[in-house]
Structures are given as structure tokens and as C-alpha cells.
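Step one of this worksheet: look at the structure below.
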Amino acid sequence: MGFFRKKEEKEVKVHKEIDIKREIKKAEAEKEETLWLKCTSCMELLYRKEVERNFSICPKCSYHFPISVEKRIEFTFEPETFKEFYSELAPYDFLKFKDTKPYSARLQELKEKTGRNDAVVCGSGRIGEIEVLSAIFDFSFMGGSLGSVVGEKITRLLEEGKRRKIPVIVFCSSGGARMQEGIMSLMQMAKVTGAINRLKEDGVPYITVLTDPTLGGVTASIAMLGDIIIAEPKAMIGFAGPRVIRETIKEELPPFFQRAEYLLEHGMIDMIVDRREMKQTLHKMLSTILS
Amino acid sequence: MKHYLDFEMKLKPLETRLEEIKRFYDVNDPHYAKEIKSLEKKIAKLEKEIYSDLSPWQKTQISRHLNRPRTLDYVDHLFKDYFELHGDRKYKDDPAIVGGFGKFNNLTVAFIGHQKGRDIKEMAQRNFGMAHPEGYRKAMRIMDLASRWKKPIITFIDTPGAYPGVGAEERGQAEAIASSMYLMFSLCVPIVSVVIGEGGSGGALAIGIADRILMLENSIYSVISPEGCAAILWRDGTRAKQAAEYLKLTASDLYQLKVVDEVIKEPLGGAHRNWKETFTNTEKALVRHLEEILSVPPEELKEKRYEKFKRMGFFLEEK
Ligand SMILES: [Zn+2]
């Protein structure tokens with residue numbers, strides 16, 4: 001017994017040393033990371049500041065990096081015109097779901113980190129002189145996943161659009177369903193689809209902007225039901241994720257598969273618009289439709 | 001061919017022997033009559049032991065049981081003068097989804113359902129009930145006919161999920177699912193959905209926007225398969241048993257969460273143990289729910305359908 005214990009202690013020591021080294025390395029990498037950024041698309045190493053100055057667009061390949069909700073508001077609406085709705089809605093762990101950590105703890109952490117209750121921000125704002133209602137997904141909050149709060153907020157927004165006859169624009173970025181809410185996450189697809197149906201049947205324009213990535217249940221409801229569907233360059237858009245597809249068919253996927261350009265070619269979206277021209281494009285489109 | 005799940009295996013020798021006697025020997029012979037009686041007693045006792053307290057994972061296995069009746073079995077037993085329609089008129093016919101019209105309880109209705117197939121050959125041909133966009137587009141074609149002909153719709157849900165493949169993505173899997181749900185919200189005819197086996201994610205929901213949602217006792221309905229969930233959360237597909245518990249995917253869970261309107265009782269052990277009883281129970285439930293919604297005015301029906309789904313979801317509203 002004594003022998004084994006000694007060996008264990010020794011191993012612990014070794015592990016600790018490795019841990020410290022690893023921590024130092026990690027800290028260095030993090031420091032580097034704040035300065036440099038690797039492009040998801042062309043793999044080029046980029047100077048972070050330069051990317052940020054460029055609307056978070058890769059200067060080498062024009063891949064559009066995900067941006068914060070605040071940035072999206074800044075790029076899309078006239079200054080000081082965006083008013084947030086329904087921010088009082090908050091999620092809770094009704095299934096008592098626990099993966100690597102309890103869902104309730106995860107929610108609390110994210111609330112502290114993002115200052116937000118859930119993965120979507122809804123509100124109204126002006127694009128030029130045109131008032132619109134808009135929902136913007138926050139990918140940094142549980143991958144923009146479709147939970148009860150996201151479904152409820154978007155449903156209310158769509159109902160508001162129907163009531164006031166104001167166009168609705170949804171900026172999507174989502175990994176899809178929120179497993180931690182089980183069947184209720186799935187049912188949000190149905191719920192928002194019902195609300196989209198009622199908005200569209202009243203002839204109120206519904207526009208979706210798909211950004212990297214838009215996948216799963218969000219694609220198969222909110223995103224693909226747009227009267228007009230716009231995508232950002234190189235955005236990944238699909239129902240099943242590429243990993244699942246690769247594992248199912250056991251073959252390599254075609255180049256640019258599930259990228260915005262591929263979807264445009266296959267007739268699944270209307271246009272690809274550069275982030276720097278998004279606002280003008282939306283404005284022109286809306287003023288033409290509404291006149 | 002009778003299949004047994006791992007936890008059902010104890011039944012196999014007893015049931016095999018019972019069938020053997022019934023087939024090859026004189027059942028009136030007192031010797032065999034006695035053995036039959038004893039076997040039946042043992043089987044009944046064992047059934048109770050095995051099936052009385054099924055876990056969510058065991059129910060998941062039963063929902064996928066190879067001997068479980070499929071959509072076309074229900075149609076064949078519950079519908080008269082029925083016929084199937086084929087093709088989406090755009091690309092091809094997807095055998096993973098079936099649909100058509102027939103007489104149910106003296107009423108002409110449309111039926112639509114996933115069809116998994118029963119033997120290996122049929123399962124492969126039908127892609128295990130995993131539809132491509134064409135399948136949902138065929139379903140929409142039939143829904144549109146039902147709407148114009150003013151016929152109620154019954155949908156049977158039984159799929160692991162929509163197929164994740166290159167062609168499916170290229171031809172708009174997400175668009176097809178979204179549009180099918182969208183169309184179901186537009187329809188002014190009564191719709192009842194029954195989950196008869198596996199309700200796998202968006203591929204199931206695509207034909208599941210209904211005025212009444214029923215679920216067979218041992219069927220499941222989930223946002224993701226337990227295996228898929230375990231693979232994502234713990235990078236370990238073998239923890240599916242645990243995931244099945246967390247996901248709350250059984251019929252009784254969904255009834256408690258108010259997603260389904262009724263749980264249809266299955267014979268002890270599951271639908272595969274007694275098809276006839278399963279069909280009878282399903283028929284009774286369908287008749288009752290259809291009768292209730294047939295009297296609702298069309299526009300109100302549509303409105304109520306939206307309200308039903310609008311109520312779904314749990315959240316806090318801080319004041
Ligand atoms: Zn790049």
C-alpha cells in the first residue's frame with residue numbers, strides 16, 4: 001500500500017508542474033489572442049484591431065466574423081433610435097437539466113458575463129426614416145440557441161409587427177436548438193413559425209439576415225421563412241451541421257458546402273450582402289417595398 | 001421475425017416454446033395443455049416484471065422496436081378504401097414519408113406519416129423514415145389537397161429525424177421543414193397528429209403542427225436523440241441512457257409539460273406485443289379528438305392552433 005501511495009504523490013507533483021507550465025502557456029496564448037486573430041475561413045493570422053476597424057471583416061478573404069449585438073445595432077440603425085423590448089423575460093431551468101454543469105448555473109454565469117438574460121435582443125429602431133422591428137441573435141449566449149425566452153421574445157415582436165404593420169428584420173446566428181430545454185426548445189420552432197405565418201398573411205414584410213453560423217432549428221423556422229433572405233458573405237447556413245453530415249455519409253463534403261455562396265447558387269437565399277452595405281441595402285429594399 | 005430487446009430477452013425461450021407447441025403439437029393433449037398453461041403463467045409474470053416500470057431509455061428502445069406497427073400498418077387497419085399518393089411534383093418521390101386519402105370512421109381524411117419500414121430491405125429503401133426535402137414537399141401537396149377538398153388530416157409521426165445529407169441540404173431541408181410547419185398553421189381543416197414511435201426533432205415537428213397531439217405510451221418526442229445529446233454534451237454517445245432521462249422525452253413527460261393532449265395506452269410491454277389492441281386504442285382516441293374539433297369553425301380552428309403553440313415555453317417575467 002505504502003509503495004502505491006508514494007507513487008501517487010509523485011505523480012501528483014509531476015502533474016502540478018505540468019499544470020503550471022500549461023497555465024503560463026495558456027496565459028501567453030491568451031495575450032497573443034487579444035492581439036492576433038486567426039480567420040475562420042482563410043486561416044490567415046490577422047491583427048485584431050485592423051479586423052475590428054474593418055467591421056470585423058477579414059481583409060484577406062472578406063469572411064464576416066460574428067459581431068456583438070451592440071455592433072449590429074450600431075451598424076444597422078440610426079444612432080440612439082434602437083429601443084429594446086421584453087428584456088425583463090428570463091429563462092429558468094424547468095427540466096433540472098445537468099450536463100457538465102447545471103443549466104441554472106450556466107444561465108447565471110452567462111448573465112454575469114453578457115449582462116443579458118438570454119440569446120436574443122428584440123426592439124425597434126430606424127433605418128433612415130423607416131421604422132422597423134428587429135430581433136438580433138447573440139451567438140455568445142449559449143450559441144444563440146432557441147430556448148423558451150428566445151421563442152417568446154421573437155413571437156411577441158412578430159405580433160407587434162402584425163399589430164402595427166411594421167416590417168420585421170431578424171438577424172440570425174444560432175447553433176440551433178437548446179438541448180437544456182428539451183422538447184420546449186423544439187416547440188419554439190413551431191411557435192415562432194405560427195407567428196411568422198400571421199405576420200406574413202397580413203402582408204407585412206419579413207426579412208431575415210443570416211450570419212455565420214445559422215444552423216438547425218433556427219434555420220428550419222425563423223431563417224428560411226423570410227420573404228426576403230439575405231446572407232453575409234461566407235456565412236455557414238444549414239439544417240444539419242457539417243460534422244453530423246460527414247459522419248452520416250462518411251464522405252468529404254463539397255467545397256463551400258453550406259456557405260452563403262453555395263446556398264445562393266442553389267436558390268435558397270436571395271442575395272449576399274457585405275456588412276458595410278447592409279444598412280443601405282435594407283433601406284433601399286424597404287423603401288421600395290413600402291412605397 | 002420476432003425481435004427482442006436486451007431487457008426482453010428472458011421472454012424469448014418461453015415464447016419460442018409456446019409458439020412451437022401451438023404450431024407442431026396437439027394443444028388438446030392434456031400434457032401440452034398443461035405446459036401451455038404453465039408457460040402462459042410464466043410469461044405473464046415475467047411481462048409484469050420486465051415492463052411495469054420502464055425507464056426513459058427502455059421506452060426509447062421500445063419506441064424504435066423493429067416489431068412496432070408503422071404508419072402504413074395503422075392506415076391499413078384503421079382506414080377503408082384508402083389510396084396512397086406519390087411524389088412532390090418537383091423532384092422525386094420520397095418513400096420515407098407516405099400519404100394519401102382514405103375513409104376513417106366513415107369520414108374521408110388525408111393521412112400523412114413517416115414510414116420506417118419493417119424489414120432490412122424496406123428500411124433501407126425508406127431510409128429508416130428519415131425524409132429528404134421531397135418528403136416534406138409531398139406532405140405539403142397532400143395537405144394542400146386536403147385543405148381544398150375540406151378533409152381533416154391525420155399525421156403519424158415516426159422518424160429518427162430529417163436526413164442529414166448533402167442532397168438534402170442542397171435541396172433545402174430547412175426550407176422544406178419550415179414551409180411544412182408554416183402551411184399547417186395556414187390550414188382551416190382539423191388536424192390530429194399521433195406520435196406512434198420516434199418523434200425525432202424538426203423532421204418530426206414538420207408534420208406535427210396539429211389541433212390535437214396524441215402520443216402512444218411508449219413513444220418518444222425529443223429535440224435531439226439521446227445518443228446525439230450525449231455525444232454533444234459529454235462527447236460520449238454511450239451515456240444515452242442518462243440523456244434520455246434529462247431530456248424528458250417520454251409520453252408521460254410530454255403530457256405533464258402540456259405538449260401533448262393525450263397519452264394513448266399501449267398493451268403491456270408495448271405496441272409490438274399486441275398490434276390489435278394498439279390499433280383499437282389509437283382508433284378510439286382519434287375518433288374522440290376528431291369529433292371534438294370537427295365542430296369548431298374553420299377560422300377559429302386555425303386561431304386556436306396558433307394559440308396552442310403560443311402557450312408553449314417556460315420563462316420568468318421580471319416586473
Ligand atoms: Zn479570411
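By order in the C-alpha cells, chains are A, B, ...; within a chain, residues start at 1; ligands start at 1, following the order shown.
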
Proximal residues of chain B relative to chain A (only C-alpha atoms; 9 Å) as a ChimeraX atom specification: /B:162-166,169-179,181-186,201-202,205-206,208-209,221-224,229-230,233-234,243,246-249,254,257,259,305-319

Expected answer as a VMD selection string: residues within 7 Å of ligand 1, only C-alpha atoms and all ligand atoms: chain A and resid 39 to 44 58 to 63

So that I have them on file, write out the residues from the current selection with C-alpha atoms, as a tab-separated table (two decimals), in the first residue's frame.
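That gives us result_34.tsv:
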chain	number	residue	atom	x	y	z
A	39	CYS	CA	-9.53	33.87	-39.79
A	40	THR	CA	-12.03	31.02	-39.64
A	41	SER	CA	-12.24	30.96	-43.40
A	42	CYS	CA	-8.77	31.60	-44.90
A	43	MET	CA	-6.82	30.71	-41.73
A	44	GLU	CA	-4.73	33.84	-42.15
A	58	CYS	CA	-11.30	39.65	-42.85
A	59	PRO	CA	-9.19	41.97	-45.04
A	60	LYS	CA	-7.76	38.96	-46.86
A	61	CYS	CA	-10.86	36.94	-47.78
A	62	SER	CA	-13.77	39.14	-46.64
A	63	TYR	CA	-15.11	36.49	-44.26

Picked from segment 16-220 of chain B by DSSP as strand (DSSP E or B), as a ChimeraX atom specification: /B:79-84,97-104,107-114,153-159,191-200,212-216,220

Selection near segment 6-22 of chain B, 12 Å with only C-alpha atoms, sequence-local residues under 2 positions removed, as a PyMOL selection string: chain B and resi 1-4+24-29+31-51+54-55+57-59+61-62+65+269-270+272-273

Test item: residues at most 8 Å from Val189 of chain B, only C-alpha atoms, excluding those fewer than 6 positions along its chain, as a ChimeraX atom specification: /B:146-147,150-153,298,301

Selection: 12 Å around Gly128 of chain A, only C-alpha atoms, excl. self and same-chain fewer than 2 positions, as a PDB file with all heavy atoms, in the first residue's frame:
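So out12.pdb came out as:
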ATOM      1  N   THR A  76     -26.562  49.037 -38.060  1.00  0.00           N
ATOM      2  CA  THR A  76     -27.835  48.919 -38.776  1.00  0.00           C
ATOM      3  C   THR A  76     -28.779  50.103 -38.591  1.00  0.00           C
ATOM      4  O   THR A  76     -29.444  50.516 -39.534  1.00  0.00           O
ATOM      5  CB  THR A  76     -28.570  47.623 -38.337  1.00  0.00           C
ATOM      6  OG1 THR A  76     -27.640  46.537 -38.367  1.00  0.00           O
ATOM      7  CG2 THR A  76     -29.737  47.309 -39.261  1.00  0.00           C
ATOM      8  N   PHE A  77     -28.832  50.612 -37.370  1.00  0.00           N
ATOM      9  CA  PHE A  77     -29.870  51.609 -37.078  1.00  0.00           C
ATOM     10  C   PHE A  77     -29.284  53.009 -36.894  1.00  0.00           C
ATOM     11  O   PHE A  77     -28.095  53.164 -36.609  1.00  0.00           O
ATOM     12  CB  PHE A  77     -30.653  51.193 -35.831  1.00  0.00           C
ATOM     13  CG  PHE A  77     -31.269  49.833 -35.961  1.00  0.00           C
ATOM     14  CD1 PHE A  77     -30.681  48.728 -35.339  1.00  0.00           C
ATOM     15  CD2 PHE A  77     -32.396  49.639 -36.742  1.00  0.00           C
ATOM     16  CE1 PHE A  77     -31.223  47.464 -35.487  1.00  0.00           C
ATOM     17  CE2 PHE A  77     -32.945  48.372 -36.888  1.00  0.00           C
ATOM     18  CZ  PHE A  77     -32.357  47.281 -36.259  1.00  0.00           C
ATOM     19  N   GLU A  78     -30.146  54.004 -37.072  1.00  0.00           N
ATOM     20  CA  GLU A  78     -29.716  55.377 -36.822  1.00  0.00           C
ATOM     21  C   GLU A  78     -29.337  55.489 -35.345  1.00  0.00           C
ATOM     22  O   GLU A  78     -29.966  54.867 -34.490  1.00  0.00           O
ATOM     23  CB  GLU A  78     -30.860  56.347 -37.142  1.00  0.00           C
ATOM     24  CG  GLU A  78     -31.391  56.255 -38.572  1.00  0.00           C
ATOM     25  CD  GLU A  78     -30.298  56.254 -39.635  1.00  0.00           C
ATOM     26  OE1 GLU A  78     -29.331  57.027 -39.502  1.00  0.00           O
ATOM     27  OE2 GLU A  78     -30.402  55.467 -40.597  1.00  0.00           O
ATOM     28  N   PRO A  79     -28.316  56.293 -35.058  1.00  0.00           N
ATOM     29  CA  PRO A  79     -27.858  56.407 -33.670  1.00  0.00           C
ATOM     30  C   PRO A  79     -29.009  56.756 -32.719  1.00  0.00           C
ATOM     31  O   PRO A  79     -29.879  57.557 -33.062  1.00  0.00           O
ATOM     32  CB  PRO A  79     -26.834  57.548 -33.726  1.00  0.00           C
ATOM     33  CG  PRO A  79     -26.413  57.631 -35.148  1.00  0.00           C
ATOM     34  CD  PRO A  79     -27.545  57.121 -35.978  1.00  0.00           C
ATOM     35  N   THR A  81     -31.625  55.348 -31.899  1.00  0.00           N
ATOM     36  CA  THR A  81     -33.034  55.059 -32.234  1.00  0.00           C
ATOM     37  C   THR A  81     -33.464  53.670 -31.784  1.00  0.00           C
ATOM     38  O   THR A  81     -34.657  53.362 -31.787  1.00  0.00           O
ATOM     39  CB  THR A  81     -33.309  55.173 -33.751  1.00  0.00           C
ATOM     40  OG1 THR A  81     -32.555  54.172 -34.447  1.00  0.00           O
ATOM     41  CG2 THR A  81     -32.967  56.551 -34.275  1.00  0.00           C
ATOM     42  N   GLY A 125     -36.195  50.209 -34.159  1.00  0.00           N
ATOM     43  CA  GLY A 125     -35.178  51.193 -34.500  1.00  0.00           C
ATOM     44  C   GLY A 125     -35.480  51.770 -35.864  1.00  0.00           C
ATOM     45  O   GLY A 125     -36.392  51.298 -36.559  1.00  0.00           O
ATOM     46  N   ARG A 126     -34.723  52.776 -36.234  1.00  0.00           N
ATOM     47  CA  ARG A 126     -34.928  53.375 -37.538  1.00  0.00           C
ATOM     48  C   ARG A 126     -33.759  53.086 -38.465  1.00  0.00           C
ATOM     49  O   ARG A 126     -32.606  53.151 -38.069  1.00  0.00           O
ATOM     50  CB  ARG A 126     -35.130  54.887 -37.399  1.00  0.00           C
ATOM     51  CG  ARG A 126     -36.600  55.284 -37.256  1.00  0.00           C
ATOM     52  CD  ARG A 126     -36.863  56.761 -37.519  1.00  0.00           C
ATOM     53  NE  ARG A 126     -36.132  57.661 -36.646  1.00  0.00           N
ATOM     54  CZ  ARG A 126     -35.089  58.410 -37.035  1.00  0.00           C
ATOM     55  NH1 ARG A 126     -34.649  58.349 -38.281  1.00  0.00           N
ATOM     56  NH2 ARG A 126     -34.492  59.214 -36.183  1.00  0.00           N
ATOM     57  N   ILE A 130     -37.179  54.950 -41.954  1.00  0.00           N
ATOM     58  CA  ILE A 130     -38.123  53.827 -41.849  1.00  0.00           C
ATOM     59  C   ILE A 130     -38.026  53.135 -40.491  1.00  0.00           C
ATOM     60  O   ILE A 130     -36.954  52.697 -40.072  1.00  0.00           O
ATOM     61  CB  ILE A 130     -37.858  52.796 -42.970  1.00  0.00           C
ATOM     62  CG1 ILE A 130     -37.971  53.483 -44.339  1.00  0.00           C
ATOM     63  CG2 ILE A 130     -38.846  51.631 -42.889  1.00  0.00           C
ATOM     64  CD1 ILE A 130     -37.439  52.644 -45.483  1.00  0.00           C
ATOM     65  N   GLU A 131     -39.146  53.019 -39.829  1.00  0.00           N
ATOM     66  CA  GLU A 131     -39.151  52.300 -38.559  1.00  0.00           C
ATOM     67  C   GLU A 131     -39.305  50.805 -38.809  1.00  0.00           C
ATOM     68  O   GLU A 131     -40.161  50.377 -39.582  1.00  0.00           O
ATOM     69  CB  GLU A 131     -40.281  52.792 -37.648  1.00  0.00           C
ATOM     70  CG  GLU A 131     -40.043  52.318 -36.223  1.00  0.00           C
ATOM     71  CD  GLU A 131     -41.185  52.578 -35.259  1.00  0.00           C
ATOM     72  OE1 GLU A 131     -42.190  53.204 -35.635  1.00  0.00           O
ATOM     73  OE2 GLU A 131     -41.054  52.124 -34.106  1.00  0.00           O
ATOM     74  N   VAL A 132     -38.470  50.029 -38.140  1.00  0.00           N
ATOM     75  CA  VAL A 132     -38.581  48.572 -38.253  1.00  0.00           C
ATOM     76  C   VAL A 132     -38.511  47.947 -36.867  1.00  0.00           C
ATOM     77  O   VAL A 132     -38.042  48.550 -35.915  1.00  0.00           O
ATOM     78  CB  VAL A 132     -37.448  47.959 -39.121  1.00  0.00           C
ATOM     79  CG1 VAL A 132     -37.493  48.470 -40.541  1.00  0.00           C
ATOM     80  CG2 VAL A 132     -36.083  48.207 -38.500  1.00  0.00           C
ATOM     81  N   LYS A 279     -26.893  48.176 -44.329  1.00  0.00           N
ATOM     82  CA  LYS A 279     -27.858  49.202 -43.963  1.00  0.00           C
ATOM     83  C   LYS A 279     -28.482  49.845 -45.212  1.00  0.00           C
ATOM     84  O   LYS A 279     -29.709  49.939 -45.317  1.00  0.00           O
ATOM     85  CB  LYS A 279     -27.158  50.262 -43.110  1.00  0.00           C
ATOM     86  CG  LYS A 279     -28.095  51.305 -42.563  1.00  0.00           C
ATOM     87  CD  LYS A 279     -27.325  52.265 -41.678  1.00  0.00           C
ATOM     88  CE  LYS A 279     -28.185  53.457 -41.318  1.00  0.00           C
ATOM     89  NZ  LYS A 279     -27.460  54.389 -40.461  1.00  0.00           N
ATOM     90  N   GLN A 280     -27.649  50.241 -46.165  1.00  0.00           N
ATOM     91  CA  GLN A 280     -28.165  50.858 -47.391  1.00  0.00           C
ATOM     92  C   GLN A 280     -29.057  49.882 -48.143  1.00  0.00           C
ATOM     93  O   GLN A 280     -30.098  50.261 -48.678  1.00  0.00           O
ATOM     94  CB  GLN A 280     -27.022  51.297 -48.329  1.00  0.00           C
ATOM     95  CG  GLN A 280     -26.114  52.380 -47.783  1.00  0.00           C
ATOM     96  CD  GLN A 280     -24.875  51.760 -47.129  1.00  0.00           C
ATOM     97  OE1 GLN A 280     -24.976  51.071 -46.111  1.00  0.00           O
ATOM     98  NE2 GLN A 280     -23.699  52.020 -47.695  1.00  0.00           N
ATOM     99  N   THR A 281     -28.621  48.617 -48.193  1.00  0.00           N
ATOM    100  CA  THR A 281     -29.402  47.606 -48.903  1.00  0.00           C
ATOM    101  C   THR A 281     -30.786  47.449 -48.274  1.00  0.00           C
ATOM    102  O   THR A 281     -31.804  47.435 -48.985  1.00  0.00           O
ATOM    103  CB  THR A 281     -28.677  46.241 -48.885  1.00  0.00           C
ATOM    104  OG1 THR A 281     -27.358  46.433 -49.377  1.00  0.00           O
ATOM    105  CG2 THR A 281     -29.405  45.207 -49.722  1.00  0.00           C
ATOM    106  N   LEU A 282     -30.808  47.331 -46.956  1.00  0.00           N
ATOM    107  CA  LEU A 282     -32.090  47.176 -46.261  1.00  0.00           C
ATOM    108  C   LEU A 282     -32.968  48.402 -46.485  1.00  0.00           C
ATOM    109  O   LEU A 282     -34.172  48.297 -46.715  1.00  0.00           O
ATOM    110  CB  LEU A 282     -31.866  46.958 -44.760  1.00  0.00           C
ATOM    111  CG  LEU A 282     -31.316  45.584 -44.356  1.00  0.00           C
ATOM    112  CD1 LEU A 282     -30.877  45.589 -42.889  1.00  0.00           C
ATOM    113  CD2 LEU A 282     -32.343  44.480 -44.597  1.00  0.00           C
ATOM    114  N   HIS A 283     -32.334  49.567 -46.444  1.00  0.00           N
ATOM    115  CA  HIS A 283     -33.088  50.806 -46.620  1.00  0.00           C
ATOM    116  C   HIS A 283     -33.713  50.885 -48.005  1.00  0.00           C
ATOM    117  O   HIS A 283     -34.899  51.153 -48.164  1.00  0.00           O
ATOM    118  CB  HIS A 283     -32.193  52.026 -46.368  1.00  0.00           C
ATOM    119  CG  HIS A 283     -32.957  53.316 -46.494  1.00  0.00           C
ATOM    120  ND1 HIS A 283     -32.898  54.096 -47.631  1.00  0.00           N
ATOM    121  CD2 HIS A 283     -33.833  53.919 -45.659  1.00  0.00           C
ATOM    122  CE1 HIS A 283     -33.700  55.138 -47.470  1.00  0.00           C
ATOM    123  NE2 HIS A 283     -34.278  55.059 -46.286  1.00  0.00           N
ATOM    124  N   LYS A 284     -32.903  50.617 -49.007  1.00  0.00           N
ATOM    125  CA  LYS A 284     -33.404  50.665 -50.384  1.00  0.00           C
ATOM    126  C   LYS A 284     -34.547  49.669 -50.578  1.00  0.00           C
ATOM    127  O   LYS A 284     -35.596  49.989 -51.133  1.00  0.00           O
ATOM    128  CB  LYS A 284     -32.251  50.339 -51.345  1.00  0.00           C
ATOM    129  CG  LYS A 284     -32.634  50.489 -52.818  1.00  0.00           C
ATOM    130  CD  LYS A 284     -31.445  50.290 -53.747  1.00  0.00           C
ATOM    131  CE  LYS A 284     -31.258  48.823 -54.057  1.00  0.00           C
ATOM    132  NZ  LYS A 284     -30.093  48.549 -54.909  1.00  0.00           N
ATOM    133  N   MET A 285     -34.331  48.482 -50.069  1.00  0.00           N
ATOM    134  CA  MET A 285     -35.318  47.415 -50.203  1.00  0.00           C
ATOM    135  C   MET A 285     -36.632  47.802 -49.538  1.00  0.00           C
ATOM    136  O   MET A 285     -37.709  47.701 -50.134  1.00  0.00           O
ATOM    137  CB  MET A 285     -34.728  46.195 -49.497  1.00  0.00           C
ATOM    138  CG  MET A 285     -35.280  44.883 -49.883  1.00  0.00           C
ATOM    139  SD  MET A 285     -34.349  43.658 -48.949  1.00  0.00           S
ATOM    140  CE  MET A 285     -33.061  43.300 -50.104  1.00  0.00           C
ATOM    141  N   LEU A 286     -36.538  48.263 -48.303  1.00  0.00           N
ATOM    142  CA  LEU A 286     -37.749  48.607 -47.551  1.00  0.00           C
ATOM    143  C   LEU A 286     -38.474  49.794 -48.169  1.00  0.00           C
ATOM    144  O   LEU A 286     -39.700  49.789 -48.292  1.00  0.00           O
ATOM    145  CB  LEU A 286     -37.400  48.902 -46.086  1.00  0.00           C
ATOM    146  CG  LEU A 286     -37.066  47.670 -45.238  1.00  0.00           C
ATOM    147  CD1 LEU A 286     -36.441  48.093 -43.921  1.00  0.00           C
ATOM    148  CD2 LEU A 286     -38.290  46.801 -45.010  1.00  0.00           C
ATOM    149  N   SER A 287     -37.698  50.814 -48.588  1.00  0.00           N
ATOM    150  CA  SER A 287     -38.402  51.981 -49.136  1.00  0.00           C
ATOM    151  C   SER A 287     -39.079  51.628 -50.456  1.00  0.00           C
ATOM    152  O   SER A 287     -40.147  52.141 -50.770  1.00  0.00           O
ATOM    153  CB  SER A 287     -37.479  53.203 -49.256  1.00  0.00           C
ATOM    154  OG  SER A 287     -36.331  52.860 -49.962  1.00  0.00           O
TER     155      SER A 287
END

All residues 8 Å or closer to Thr60 of chain B, only C-alpha atoms, same chain fewer than 6 positions away omitted, as number ranges by chain: B: 198, 218-220, 244, 250

Length of the atom CA of Pro160 of chain B to atom CA of Ala204 of chain B vector [Å]: 8.0 Å

Alpha helix (DSSP H) per DSSP on the backbone: members of segment 38-248 of chain B, as a ChimeraX atom specification: /B:38-51,56-63,71-78,120-125,133-148,166-170,173-186,201-205,226-234,240-247

Distance query Leu46 of chain A at most 6 Å, only C-alpha atoms, self and fewer than 2 positions along chain excluded, as a PyMOL selection string: chain A and resi 36-38+48

Atom CA of Ala231 of chain B to atom CA of Gly143 of chain A, straight-line distance in Å: 16.9 Å
